[in-house]
>>> print(open('run01.cif').read())   # mmCIF, C-alpha atoms
data_my_file
loop_
_atom_site.label_atom_id
_atom_site.label_comp_id
_atom_site.auth_asym_id
_atom_site.auth_seq_id
_atom_site.Cartn_x
_atom_site.Cartn_y
_atom_site.Cartn_z
CA ARG A 1 -153.04 -4.23 68.41
CA LYS A 2 -155.25 -6.34 66.13
CA GLU A 3 -152.90 -8.18 63.84
CA VAL A 4 -155.48 -10.63 62.58
CA GLU A 5 -159.14 -9.74 62.33
CA GLN A 6 -162.02 -12.00 61.41
CA ASP A 7 -165.72 -11.60 60.76
CA PRO A 8 -167.28 -11.65 64.21
CA GLY A 9 -170.06 -14.14 63.44
CA PRO A 10 -171.87 -16.17 64.49
CA PHE A 11 -172.98 -17.52 61.16
CA ASN A 12 -176.18 -19.54 61.32
CA VAL A 13 -176.89 -21.36 58.06
CA PRO A 14 -179.06 -24.28 56.91
CA GLU A 15 -177.58 -27.50 55.65
CA GLY A 16 -176.49 -27.22 52.04
CA ALA A 17 -175.73 -23.51 52.22
CA THR A 18 -172.53 -21.89 51.03
CA VAL A 19 -170.79 -19.71 53.59
CA ALA A 20 -167.69 -17.54 53.37
CA PHE A 21 -165.39 -16.31 56.12
CA ASN A 22 -162.99 -13.43 55.76
CA CYS A 23 -159.83 -12.51 57.57
CA THR A 24 -157.45 -9.55 57.28
CA TYR A 25 -153.93 -9.28 58.63
CA SER A 26 -151.90 -6.17 59.35
CA ASN A 27 -148.29 -7.31 58.98
CA SER A 28 -147.22 -7.30 55.35
CA ALA A 29 -144.19 -9.44 56.25
CA SER A 30 -146.42 -12.37 57.15
CA GLN A 31 -145.43 -15.49 55.26
CA SER A 32 -147.66 -18.38 56.22
CA PHE A 33 -151.41 -18.54 56.44
CA PHE A 34 -153.75 -21.19 57.76
CA TRP A 35 -157.33 -21.93 58.66
CA TYR A 36 -157.85 -23.99 61.81
CA ARG A 37 -161.05 -25.52 63.09
CA GLN A 38 -161.84 -25.65 66.80
CA ASP A 39 -164.68 -27.66 68.27
CA CYS A 40 -166.15 -26.72 71.63
CA ARG A 41 -163.71 -27.31 74.49
CA LYS A 42 -161.17 -28.95 72.17
CA GLU A 43 -157.82 -27.97 70.74
CA PRO A 44 -157.60 -26.30 67.30
CA LYS A 45 -156.81 -28.56 64.37
CA LEU A 46 -155.50 -27.61 60.96
CA LEU A 47 -158.18 -27.33 58.31
CA MET A 48 -156.15 -25.92 55.43
CA SER A 49 -152.98 -24.07 54.61
CA VAL A 50 -153.55 -21.04 52.39
CA TYR A 51 -151.42 -20.30 49.36
CA SER A 52 -151.31 -17.39 46.96
CA SER A 53 -152.60 -19.58 44.17
CA GLY A 54 -155.57 -20.63 46.25
CA ASN A 55 -156.29 -24.16 47.27
CA GLU A 56 -159.27 -26.45 47.45
CA ASP A 57 -159.99 -29.51 49.53
CA GLY A 58 -163.36 -31.02 48.78
CA ARG A 59 -166.04 -28.57 49.86
CA PHE A 60 -163.50 -26.11 51.26
CA THR A 61 -161.68 -23.42 49.28
CA ALA A 62 -159.12 -21.00 50.69
CA GLN A 63 -157.81 -17.88 49.00
CA LEU A 64 -155.01 -15.46 49.82
CA ASN A 65 -154.72 -11.92 48.49
CA ARG A 66 -151.35 -10.54 49.53
CA ALA A 67 -151.94 -7.12 48.02
CA SER A 68 -155.05 -6.61 50.13
CA GLN A 69 -153.71 -8.66 53.06
CA TYR A 70 -156.86 -10.72 53.01
CA ILE A 71 -157.63 -14.42 53.47
CA SER A 72 -160.90 -16.18 52.84
CA LEU A 73 -162.46 -19.57 53.45
CA LEU A 74 -165.44 -20.80 51.45
CA ILE A 75 -167.48 -23.79 52.57
CA ARG A 76 -169.89 -25.25 50.05
CA ASP A 77 -172.80 -27.61 50.77
CA SER A 78 -172.57 -27.09 54.53
CA LYS A 79 -173.00 -30.13 56.76
CA LEU A 80 -174.13 -30.30 60.36
CA SER A 81 -170.64 -31.53 61.20
CA ASP A 82 -169.15 -28.26 59.92
CA SER A 83 -170.49 -26.50 63.02
CA ALA A 84 -167.41 -25.22 64.83
CA THR A 85 -165.26 -22.13 65.29
CA TYR A 86 -162.92 -21.32 62.42
CA LEU A 87 -159.65 -19.59 63.27
CA CYS A 88 -157.55 -17.59 60.85
CA VAL A 89 -153.84 -17.94 61.61
CA VAL A 90 -150.90 -15.93 60.31
CA ASN A 91 -147.18 -16.50 60.80
CA GLN A 92 -143.78 -15.13 59.96
CA ALA A 93 -140.78 -17.41 60.14
CA GLY A 94 -139.07 -17.02 63.49
CA THR A 95 -142.05 -15.56 65.29
CA ALA A 96 -145.16 -16.94 66.88
CA LEU A 97 -148.42 -17.85 65.23
CA ILE A 98 -150.98 -15.09 65.49
CA PHE A 99 -154.61 -16.16 65.77
CA GLY A 100 -157.76 -14.32 64.92
CA LYS A 101 -160.55 -14.51 67.48
CA GLY A 102 -162.43 -16.98 65.36
CA THR A 103 -165.76 -17.11 63.60
CA THR A 104 -168.45 -19.44 64.87
CA LEU A 105 -170.47 -21.41 62.36
CA SER A 106 -173.70 -23.17 63.25
CA VAL A 107 -175.28 -25.37 60.59
CA SER A 108 -178.86 -26.43 61.22
CA SER A 109 -181.09 -29.05 59.62
CA ASP B 1 -147.16 -42.22 68.31
CA GLY B 2 -145.66 -38.86 67.46
CA GLY B 3 -147.39 -35.96 69.05
CA ILE B 4 -147.70 -33.36 71.72
CA THR B 5 -148.91 -34.17 75.22
CA GLN B 6 -150.24 -31.78 77.79
CA SER B 7 -150.93 -32.70 81.35
CA PRO B 8 -152.97 -32.61 83.41
CA LYS B 9 -156.19 -32.23 81.45
CA TYR B 10 -157.95 -30.58 84.37
CA LEU B 11 -156.26 -28.70 87.19
CA PHE B 12 -157.64 -26.98 90.24
CA ARG B 13 -155.61 -24.44 92.15
CA LYS B 14 -156.15 -22.52 95.31
CA GLU B 15 -155.60 -18.81 95.19
CA GLY B 16 -152.00 -17.91 95.96
CA GLN B 17 -150.52 -21.17 94.72
CA ASN B 18 -148.18 -21.62 91.82
CA VAL B 19 -148.94 -24.45 89.41
CA THR B 20 -146.96 -25.91 86.51
CA LEU B 21 -148.54 -27.17 83.32
CA SER B 22 -146.63 -29.78 81.37
CA CYS B 23 -146.08 -29.83 77.61
CA GLU B 24 -144.02 -32.57 75.96
CA GLN B 25 -143.50 -33.28 72.26
CA ASN B 26 -141.73 -36.00 70.30
CA LEU B 27 -142.09 -34.37 66.90
CA ASN B 28 -138.54 -32.99 67.00
CA HIS B 29 -139.97 -29.50 66.51
CA ASP B 30 -137.86 -26.49 67.37
CA ALA B 31 -140.68 -24.07 68.14
CA MET B 32 -143.07 -24.37 71.05
CA TYR B 33 -145.84 -22.02 72.20
CA TRP B 34 -148.21 -21.43 75.07
CA TYR B 35 -151.60 -19.85 74.48
CA ARG B 36 -154.43 -18.97 76.77
CA GLN B 37 -158.07 -19.11 75.69
CA ASP B 38 -160.97 -17.64 77.67
CA PRO B 39 -164.60 -18.57 76.96
CA GLY B 40 -165.76 -17.20 73.65
CA GLN B 41 -162.35 -15.67 72.96
CA GLY B 42 -159.48 -16.33 70.63
CA LEU B 43 -156.04 -17.63 71.53
CA ARG B 44 -153.67 -15.19 73.20
CA LEU B 45 -149.94 -15.82 73.21
CA ILE B 46 -148.25 -16.16 76.60
CA TYR B 47 -144.70 -17.29 75.74
CA TYR B 48 -142.93 -18.95 72.86
CA SER B 49 -139.59 -20.58 72.26
CA GLN B 50 -137.84 -21.02 68.93
CA ILE B 51 -134.86 -22.93 70.29
CA VAL B 52 -133.63 -24.64 73.42
CA ASN B 53 -132.58 -22.31 76.25
CA ASP B 54 -134.31 -19.34 74.66
CA PHE B 55 -137.85 -18.01 74.91
CA GLN B 56 -139.77 -14.83 74.26
CA LYS B 57 -142.67 -13.10 75.96
CA GLY B 58 -145.96 -13.00 74.17
CA ASP B 59 -148.80 -10.54 74.58
CA ILE B 60 -149.88 -11.65 78.07
CA ALA B 61 -146.71 -12.95 79.79
CA GLU B 62 -147.30 -11.22 83.14
CA GLY B 63 -147.87 -13.73 85.94
CA TYR B 64 -146.43 -16.63 83.93
CA SER B 65 -142.99 -18.19 83.58
CA VAL B 66 -141.51 -20.83 81.30
CA SER B 67 -138.33 -22.79 80.73
CA ARG B 68 -136.90 -24.60 77.72
CA GLU B 69 -134.10 -26.77 79.02
CA LYS B 70 -134.86 -29.59 76.59
CA LYS B 71 -136.17 -29.55 73.06
CA GLU B 72 -138.99 -31.87 74.00
CA SER B 73 -140.33 -29.93 76.96
CA PHE B 74 -141.77 -26.46 77.51
CA PRO B 75 -143.47 -26.26 80.93
CA LEU B 76 -145.57 -23.25 81.91
CA THR B 77 -145.82 -22.05 85.50
CA VAL B 78 -148.84 -20.00 86.46
CA THR B 79 -147.74 -17.93 89.41
CA SER B 80 -149.75 -16.29 92.17
CA ALA B 81 -149.10 -13.00 90.40
CA GLN B 82 -151.52 -14.00 87.64
CA LYS B 83 -154.76 -12.42 88.84
CA ASN B 84 -157.21 -14.27 86.60
CA PRO B 85 -155.67 -17.67 85.90
CA THR B 86 -158.87 -19.61 85.24
CA ALA B 87 -158.71 -20.45 81.53
CA PHE B 88 -158.01 -23.10 78.91
CA TYR B 89 -154.25 -23.38 78.25
CA LEU B 90 -152.99 -24.72 74.96
CA CYS B 91 -149.47 -25.75 74.05
CA ALA B 92 -148.43 -25.93 70.40
CA THR B 93 -145.36 -26.83 68.37
CA ASP B 94 -144.19 -26.32 64.84
CA ALA B 95 -141.02 -26.93 62.89
CA GLY B 96 -140.19 -23.23 62.87
CA LEU B 97 -140.14 -23.12 59.10
CA ARG B 98 -142.29 -21.31 56.60
CA ASN B 99 -145.64 -22.88 55.78
CA THR B 100 -145.41 -25.58 58.41
CA GLU B 101 -148.52 -26.22 60.42
CA ALA B 102 -148.71 -26.08 64.18
CA PHE B 103 -149.83 -29.03 66.26
CA PHE B 104 -151.69 -28.58 69.51
CA GLY B 105 -151.90 -30.55 72.69
CA GLN B 106 -155.32 -31.36 74.07
CA GLY B 107 -155.13 -28.46 76.49
CA THR B 108 -155.24 -28.00 80.24
CA ARG B 109 -158.31 -26.49 81.82
CA LEU B 110 -157.18 -24.59 84.93
CA THR B 111 -159.68 -23.51 87.55
CA VAL B 112 -158.90 -21.41 90.61
CA VAL B 113 -160.98 -22.44 93.60
#
>>> encode(input="run01.cif", output="structure tokens")
Amino acid sequence: RKEVEQDPGPFNVPEGATVAFNCTYSNSASQSFFWYRQDCRKEPKLLMSVYSSGNEDGRFTAQLNRASQYISLLIRDSKLSDSATYLCVVNQAGTALIFGKGTTLSVSS
Amino acid sequence: DGGITQSPKYLFRKEGQNVTLSCEQNLNHDAMYWYRQDPGQGLRLIYYSQIVNDFQKGDIAEGYSVSREKKESFPLTVTSAQKNPTAFYLCATDAGLRNTEAFFGQGTRLTVV
């Protein structure tokens, strides 16, 4: 069962590049959507919640398409510090968070 | 400070021993979760609890046990029945409501020696 699928990566990009990650989910009853960032050997931390209207936080933009059951994350002007694994997370109220396997981003100078 | 605390950070276990990983939170969250992460892999759900005195199996519950006697605490026992216990274990909590984020502890890295 693959409830949440992400681009496998890794993505290797130069500083300043724009990179996009995609994620699809299988359960149409899913209600909450998030992107988490995980650094090597650390716990995941919330990057952004994802809403139907789309949301932006500085260089990061997240989009949700409920009809296609698709979530995206766009990172503009990549920085070295953006290097990490990005996890797509889906939830229904009353059940557990379901994580994608993550997409690894490596930004080089 | 409000937060979620896992202990210990590193744990070594001999084959055949049971070990218990601690997870404590003071966020007053109803929902608590245990995940396992293997190198280069995503998070896999072991057990979760939406309310005190109740918990549900996740995708990989075999060889693990939990309890939820208090809202603040959700300990995970890795039993000798778990054949490949070496992994990074993460505990998380959320408010159990729609669109609320989950908070993670710093994780416990378990190694079988």
>>> residues_around(input="run01.cif", residues="region 47-62 of chain A", least_positions_apart="3", cutoff="8 Å", atoms="only C-alpha atoms", output="list of chain:residue names")
A:Ser32, A:Phe33, A:Phe34, A:Trp35, A:Tyr36, A:Arg37, A:Asn65, A:Arg66, A:Ile71, A:Ser72, A:Leu73, A:Leu74, A:Ile75, A:Arg76, A:Asp77, B:Asn99, B:Glu101
>>> resolve_selection(input="run01.cif", expression="the PyMOL selection byres ((chain B) within 7 of (chain A))", output="PyMOL selection string")
chain B and resi 41-43+48+50+96-99+104-107
>>> atom_distance(input="run01.cif", atom1="CA of Asp54 (chain B)", atom2="CA of Asp94 (chain B)")
15.6 Å
>>> residues_near_point(input="run01.cif", point="(-134.6, -33.1, 74.2)", cutoff="10 Å", atoms="only C-alpha atoms", output="PDB file with C-alpha atoms, keeping the file's coordinate frame")
ATOM      1  CA  GLU B  24    -144.020 -32.570  75.960  1.00  0.00           C
ATOM      2  CA  GLN B  25    -143.500 -33.280  72.260  1.00  0.00           C
ATOM      3  CA  ASN B  26    -141.730 -36.000  70.300  1.00  0.00           C
ATOM      4  CA  ASN B  28    -138.540 -32.990  67.000  1.00  0.00           C
ATOM      5  CA  VAL B  52    -133.630 -24.640  73.420  1.00  0.00           C
ATOM      6  CA  ARG B  68    -136.900 -24.600  77.720  1.00  0.00           C
ATOM      7  CA  GLU B  69    -134.100 -26.770  79.020  1.00  0.00           C
ATOM      8  CA  LYS B  70    -134.860 -29.590  76.590  1.00  0.00           C
ATOM      9  CA  LYS B  71    -136.170 -29.550  73.060  1.00  0.00           C
ATOM     10  CA  GLU B  72    -138.990 -31.870  74.000  1.00  0.00           C
ATOM     11  CA  SER B  73    -140.330 -29.930  76.960  1.00  0.00           C
TER      12      SER B  73
END
>>> atom_distance(input="run01.cif", atom1="CA of Gly9 (chain A)", atom2="CA of Asp59 (chain B)")
24.3 Å
>>> atom_distance(input="run01.cif", atom1="CA of Ile51 (chain B)", atom2="CA of Phe88 (chain B)")
24.7 Å
>>> residues_around(input="run01.cif", residues="Leu105 (chain A)", least_positions_apart="5", cutoff="10 Å", atoms="only C-alpha atoms", output="PDB file with C-alpha atoms, in the frame of the given file")
ATOM      1  CA  GLY A   9    -170.060 -14.140  63.440  1.00  0.00           C
ATOM      2  CA  PRO A  10    -171.870 -16.170  64.490  1.00  0.00           C
ATOM      3  CA  PHE A  11    -172.980 -17.520  61.160  1.00  0.00           C
ATOM      4  CA  ASN A  12    -176.180 -19.540  61.320  1.00  0.00           C
ATOM      5  CA  VAL A  13    -176.890 -21.360  58.060  1.00  0.00           C
ATOM      6  CA  VAL A  19    -170.790 -19.710  53.590  1.00  0.00           C
ATOM      7  CA  PHE A  21    -165.390 -16.310  56.120  1.00  0.00           C
ATOM      8  CA  SER A  78    -172.570 -27.090  54.530  1.00  0.00           C
ATOM      9  CA  LEU A  80    -174.130 -30.300  60.360  1.00  0.00           C
ATOM     10  CA  ASP A  82    -169.150 -28.260  59.920  1.00  0.00           C
ATOM     11  CA  SER A  83    -170.490 -26.500  63.020  1.00  0.00           C
ATOM     12  CA  ALA A  84    -167.410 -25.220  64.830  1.00  0.00           C
ATOM     13  CA  THR A  85    -165.260 -22.130  65.290  1.00  0.00           C
ATOM     14  CA  TYR A  86    -162.920 -21.320  62.420  1.00  0.00           C
TER      15      TYR A  86
END
>>> residues_near_point(input="run01.cif", point="(-154.6, -7.6, 51.1)", cutoff="12 Å", atoms="all atoms listed in the file", output="compact mmCIF listing (two decimals) with C-alpha atoms, keeping the file's coordinate frame")
# COMPACT_ATOMS: atom_id res chain seq x y z
CA VAL A 4 -155.48 -10.63 62.58
CA ASN A 22 -162.99 -13.43 55.76
CA CYS A 23 -159.83 -12.51 57.57
CA THR A 24 -157.45 -9.55 57.28
CA TYR A 25 -153.93 -9.28 58.63
CA SER A 26 -151.90 -6.17 59.35
CA ASN A 27 -148.29 -7.31 58.98
CA SER A 28 -147.22 -7.30 55.35
CA ALA A 29 -144.19 -9.44 56.25
CA SER A 30 -146.42 -12.37 57.15
CA SER A 52 -151.31 -17.39 46.96
CA GLN A 63 -157.81 -17.88 49.00
CA LEU A 64 -155.01 -15.46 49.82
CA ASN A 65 -154.72 -11.92 48.49
CA ARG A 66 -151.35 -10.54 49.53
CA ALA A 67 -151.94 -7.12 48.02
CA SER A 68 -155.05 -6.61 50.13
CA GLN A 69 -153.71 -8.66 53.06
CA TYR A 70 -156.86 -10.72 53.01
CA ILE A 71 -157.63 -14.42 53.47
CA SER A 72 -160.90 -16.18 52.84
>>> axis_aligned_box(input="run01.cif", around="region 31-38 of chain B", padding_each_side="4 Å", output="AutoDock Vina command-line options")
--center_x -150.8 --center_y -21.0 --center_z 72.9 --size_x 28.3 --size_y 14.7 --size_z 17.5
>>> closest_residue(input="run01.cif", among="B:Leu76, B:Leu90, B:Ala102, B:Val112", to="Thr20 (chain B)", atoms="all atoms listed in the file")
B:Leu76
>>> resolve_selection(input="run01.cif", expression="the PyMOL selection byres ((chain B and resi 65) around 6)", output="CSV table (one decimal) with C-alpha atoms, keeping the file's coordinate frame")
chain,number,residue,atom,x,y,z
B,64,TYR,CA,-146.4,-16.6,83.9
B,66,VAL,CA,-141.5,-20.8,81.3
B,76,LEU,CA,-145.6,-23.2,81.9
B,77,THR,CA,-145.8,-22.0,85.5
>>> resolve_selection(input="run01.cif", expression="the PyMOL selection byres ((chain B and resi 10) around 8)", output="PyMOL selection string")
chain B and resi 7-9+11-12+108-111
